[in-house]
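S.K.: Below you'll find the structure I mean.
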Amino acid sequence: MRMYRPALAALLMIVIAGPAWAQQRPLVTEDPETVDAGHLLIEGGAELRFEQKYPVSGLQGDLWRLPALGLSIGLSSIAELQIDGGIYDRLSISKRTKAPLSSLVTATGDHTHDVSDIVIGTKIKMVSEAPGHPAVGIRFATKLPNASNESGLGLDTTDFFASLLVAKNVQSLRVVGNVGLGILADPTSGNRQNDVLTYGISLAQALTPRAELVGEINGRASMRSGTAFPGTDSSSMVRAGLRFTPGSVRFDGGVMFGLTDDGPDIGFTAGLTYVFNAFHLPNTP
């Protein structure tokens with residue numbers, strides 16, 4: 001099936017294409033628009049990925065993520081703080097292969113579990129959208145080593161990301177693009193790193209005032225000459241789904257599949273997003 005996935009991805013980007021919230025479940029490509037000052041955006045959902053691969057630990061199987069959580073805090077009219085992660089990842093192991101860190105895995109049964117790595121980021125909107133130009137923003141983020149390599153689900157590495165974000169509405173279609181740099185630590189050696197090019201493009205097409213059809217391609221490309229270090233090689237995923245906003249809560253559902261060997265054969269996600277005014281910013285002289 002993998003040989004047809006580039007063609008499927010291209011087809012999705014043509015067929016799937018609305019205003020987006022600052023965070024955009026079930027997608028991960030970042031919109032430069034930020035949460036309003038003093039507001040909190042809370043998103044949560046569940047994911048099921050079939051035959052998810054972990055090339056560094058050598059594990060493969062069906063992964064449940066319950067729940068996948070996100071919190072965005074509006075710090076000002078142009079900036080927000082983001083915290084994303086998960087409480088419980090459970091892998092039903094269908095296959096074990098020899099891998100760089102397979103000897104460190106302590107899970108001996110047919111399943112393993114751990115928390116998800118937490119990602120802490122800051123997003124700043126630099127230019128607001130206007131008829132003649134797109135919205136532009138930047139985002140800086142750090143992935144923390146919360147998931148352990150003993151469980152087989154983590155790398156015990158800290159990574160850094162910086163991205164340029166752009167977005168533009170074209171009638172009822174919203175186009176968002178990301179490009180940036182990721183600095184990924186080598187999980188097998190503490191004195192090496194790999195720089196990767198990160199990218200994402202998403203489309204959101206309004207079907208009705210409350211419903212949107214969405215899709216994206218998001219991933220990274222290794223810029224190292226020769227073979228990338230384990231866990232830092234090129235990776236890509238395509239996602240497509242629906243969003244429905246009947247009121248103050250937005251519901252979403254989507255499907256995903258990996259375009260590279262570290263992704264799932266197919267996966268599904270469903271969740272919701274809620275934004276509310278949580279606090280007032282202090283007055284400044």
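Chain labels run A, B, ... following the order of the structure tokens; each chain numbers its residues from 1, and ligands are numbered from 1 in the order shown.
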Select from segment 62-111 of chain A everything DSSP, run on the backbone, classes as strand (DSSP E), then give the selection as a compact mmCIF listing (two decimals) with C-alpha atoms, in the first residue's frame.

M.R.:
# COMPACT_ATOMS: atom_id res chain seq x y z
CA ASP A 62 -1.47 -0.76 17.38
CA LEU A 63 -1.13 2.44 19.41
CA TRP A 64 -3.84 4.01 21.57
CA ARG A 65 -3.29 7.58 22.77
CA LEU A 66 -5.76 8.48 25.53
CA PRO A 67 -6.04 11.40 25.64
CA ALA A 68 -4.01 13.64 23.36
CA LEU A 69 -4.13 17.03 25.08
CA GLY A 70 -3.30 20.62 24.18
CA LEU A 71 -3.45 23.93 26.03
CA SER A 72 -2.90 27.38 24.51
CA ILE A 73 -2.78 30.51 26.67
CA GLY A 74 -3.29 33.94 25.13
CA ALA A 79 1.40 35.86 21.40
CA GLU A 80 0.41 32.58 22.99
CA LEU A 81 2.01 29.85 25.07
CA GLN A 82 1.38 26.24 24.02
CA ILE A 83 1.64 22.99 25.98
CA ASP A 84 0.89 19.73 24.17
CA GLY A 85 1.23 16.11 25.26
CA GLY A 86 -0.62 13.03 26.39
CA ASP A 89 0.08 5.83 25.26
CA ARG A 90 -0.48 2.07 24.99
CA LEU A 91 1.08 -0.08 22.27
CA SER A 92 -0.19 -3.59 21.58
CA ILE A 93 3.01 -5.15 20.27
CA SER A 94 2.63 -7.17 17.08
CA LYS A 95 6.28 -7.30 16.04
CA ARG A 96 9.77 -6.89 17.51
CA HIS A 111 2.05 -4.51 25.26

S.K.: Need to verify the contact set: segment 55-61 of chain A, 10 Å, only C-alpha atoms, exclusion of same-chain residues closer than 2 positions in sequence. Can you return it as a ChimeraX atom specification?

M.R.: /A:49-53,63-64,90-105,110-112,149-155,187-188,229-232,261-264

S.K.: Output the selection as a compact mmCIF listing (two decimals), in the first residue's frame - N, CA and C atoms for each residue.

M.R.:
# COMPACT_ATOMS: atom_id res chain seq x y z
N ARG A 49 -3.73 4.29 16.15
CA ARG A 49 -2.86 4.13 14.99
C ARG A 49 -2.55 2.64 14.80
N PHE A 50 -2.88 2.11 13.65
CA PHE A 50 -2.65 0.71 13.35
C PHE A 50 -1.25 0.49 12.79
N GLU A 51 -0.54 -0.46 13.38
CA GLU A 51 0.82 -0.82 12.97
C GLU A 51 1.75 0.38 12.97
N GLN A 52 1.73 1.10 14.08
CA GLN A 52 2.68 2.19 14.30
C GLN A 52 4.08 1.61 14.50
N LYS A 53 5.08 2.21 13.81
CA LYS A 53 6.44 1.70 13.90
C LYS A 53 7.28 2.58 14.80
N LEU A 63 -1.36 1.46 18.36
CA LEU A 63 -1.13 2.44 19.41
C LEU A 63 -2.41 3.17 19.75
N TRP A 64 -2.76 3.17 21.04
CA TRP A 64 -3.84 4.01 21.57
C TRP A 64 -3.22 5.19 22.30
N ARG A 90 -0.54 3.53 24.81
CA ARG A 90 -0.48 2.07 24.99
C ARG A 90 -0.29 1.39 23.63
N LEU A 91 0.77 0.62 23.52
CA LEU A 91 1.08 -0.08 22.27
C LEU A 91 0.85 -1.57 22.46
N SER A 92 -0.03 -2.14 21.65
CA SER A 92 -0.19 -3.59 21.58
C SER A 92 0.84 -4.11 20.59
N ILE A 93 1.85 -4.80 21.08
CA ILE A 93 3.01 -5.15 20.27
C ILE A 93 2.69 -6.33 19.36
N SER A 94 2.85 -6.11 18.05
CA SER A 94 2.63 -7.17 17.08
C SER A 94 3.94 -7.68 16.50
N LYS A 95 5.02 -6.91 16.65
CA LYS A 95 6.28 -7.30 16.04
C LYS A 95 7.43 -6.66 16.78
N ARG A 96 8.53 -7.41 16.94
CA ARG A 96 9.77 -6.89 17.51
C ARG A 96 10.90 -7.19 16.54
N THR A 97 11.73 -6.20 16.28
CA THR A 97 12.89 -6.39 15.42
C THR A 97 14.12 -5.82 16.11
N LYS A 98 15.28 -6.27 15.69
CA LYS A 98 16.53 -5.74 16.23
C LYS A 98 16.69 -4.29 15.77
N ALA A 99 16.99 -3.40 16.72
CA ALA A 99 17.08 -1.98 16.44
C ALA A 99 18.15 -1.37 17.33
N PRO A 100 18.54 -0.11 17.08
CA PRO A 100 19.64 0.50 17.85
C PRO A 100 19.44 0.47 19.36
N LEU A 101 18.21 0.66 19.85
CA LEU A 101 17.98 0.67 21.30
C LEU A 101 17.03 -0.44 21.76
N SER A 102 16.90 -1.49 20.97
CA SER A 102 15.99 -2.57 21.36
C SER A 102 16.45 -3.27 22.64
N SER A 103 17.74 -3.24 22.93
CA SER A 103 18.24 -3.91 24.14
C SER A 103 17.83 -3.19 25.41
N LEU A 104 17.40 -1.92 25.30
CA LEU A 104 17.01 -1.15 26.48
C LEU A 104 15.54 -1.32 26.84
N VAL A 105 14.75 -1.90 25.95
CA VAL A 105 13.32 -2.06 26.19
C VAL A 105 13.08 -3.09 27.26
N ASP A 110 3.07 -8.51 25.67
CA ASP A 110 2.53 -8.16 24.36
C ASP A 110 2.05 -6.71 24.28
N HIS A 111 2.39 -5.92 25.31
CA HIS A 111 2.05 -4.51 25.26
C HIS A 111 3.02 -3.70 26.11
N THR A 112 3.05 -2.40 25.86
CA THR A 112 3.85 -1.48 26.66
C THR A 112 3.11 -0.15 26.70
N ASN A 149 12.97 5.44 26.74
CA ASN A 149 13.34 4.39 25.79
C ASN A 149 13.15 3.00 26.39
N GLU A 150 13.04 2.90 27.73
CA GLU A 150 12.76 1.59 28.34
C GLU A 150 11.38 1.07 27.96
N SER A 151 10.42 1.96 27.77
CA SER A 151 9.09 1.54 27.33
C SER A 151 9.07 1.22 25.84
N GLY A 152 10.05 1.71 25.10
CA GLY A 152 10.09 1.54 23.66
C GLY A 152 9.33 2.60 22.90
N LEU A 153 8.66 3.52 23.63
CA LEU A 153 7.83 4.53 22.99
C LEU A 153 8.49 5.91 22.95
N GLY A 154 9.64 6.06 23.60
CA GLY A 154 10.32 7.35 23.64
C GLY A 154 11.78 7.23 23.26
N LEU A 155 12.42 8.39 23.12
CA LEU A 155 13.83 8.44 22.73
C LEU A 155 14.72 9.03 23.82
N PRO A 187 19.54 9.76 19.70
CA PRO A 187 19.24 9.00 20.91
C PRO A 187 20.27 7.93 21.24
N THR A 188 21.17 7.64 20.33
CA THR A 188 22.18 6.61 20.57
C THR A 188 23.53 7.18 20.98
N PHE A 229 20.95 9.86 11.66
CA PHE A 229 21.05 9.14 12.92
C PHE A 229 19.70 8.51 13.26
N PRO A 230 19.68 7.41 14.01
CA PRO A 230 18.41 6.76 14.35
C PRO A 230 17.44 7.73 15.01
N GLY A 231 16.21 7.70 14.57
CA GLY A 231 15.18 8.55 15.15
C GLY A 231 15.17 9.97 14.65
N THR A 232 16.11 10.33 13.73
CA THR A 232 16.16 11.70 13.20
C THR A 232 16.01 11.72 11.69
N ASP A 261 8.44 5.07 6.57
CA ASP A 261 8.41 3.78 7.26
C ASP A 261 8.17 3.89 8.76
N ASP A 262 8.31 5.10 9.36
CA ASP A 262 8.09 5.22 10.80
C ASP A 262 6.64 5.52 11.15
N GLY A 263 5.77 5.68 10.17
CA GLY A 263 4.38 6.03 10.43
C GLY A 263 3.48 4.83 10.53
N PRO A 264 2.21 5.05 10.87
CA PRO A 264 1.24 3.95 10.91
C PRO A 264 0.74 3.62 9.52

S.K.: Separation of atom CA of Ser202 of chain A and atom CA of Val28 of chain A, in Å?

M.R.: 8.8 Å

S.K.: Which of these, A:Asp117, A:Thr29, A:Thr227, A:Leu213, has the shortest distance to Val255 of chain A once you count only C-alpha atoms?

M.R.: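 Once distances to Val255 of chain A are computed over only C-alpha atoms, the minimum belongs to A:Leu213.
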
S.K.: Record the distance separating atom CA of His133 of chain A and atom CA of Arg210 of chain A, expressed in Å with one decimal.

M.R.: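 Computing it gives 25.8 Å between the two atoms.
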
S.K.: Nearest residue to Lys168 of chain A out of A:Ser235, A:Val196, A:Leu184, A:Val136, using only C-alpha atoms?

M.R.: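 Checking each of A:Ser235, A:Val196, A:Leu184, A:Val136 against Lys168 of chain A, counting only C-alpha atoms, the winner is A:Val136.
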
S.K.: Quote the spacing between atom CA of Ile118 of chain A and atom CA of Ala37 of chain A in Å to one decimal place.

M.R.: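 Computing it gives 23.4 Å between the two atoms.
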
S.K.: With only C-alpha atoms as the counted atoms, please give the residues lying no more than 8 Å from Leu197 of chain A, apart from itself and same-chain residues fewer than 3 positions off, as a PyMOL selection string.

M.R.: chain A and resi 179-182+220-223

S.K.: For Gly267 of chain A, which residue among A:Ala185, A:Val238, A:Leu164, A:Ile124 is the nearest when counting only C-alpha atoms?

M.R.: A:Val238

S.K.: Any idea what's packed within 6 Å of segment 269-277 of chain A, counting only C-alpha atoms, ignoring anything in its chain fewer than 6 positions away? Could you give it as an MDAnalysis selection string?

M.R.: chainID A and resid 38:47 249:254
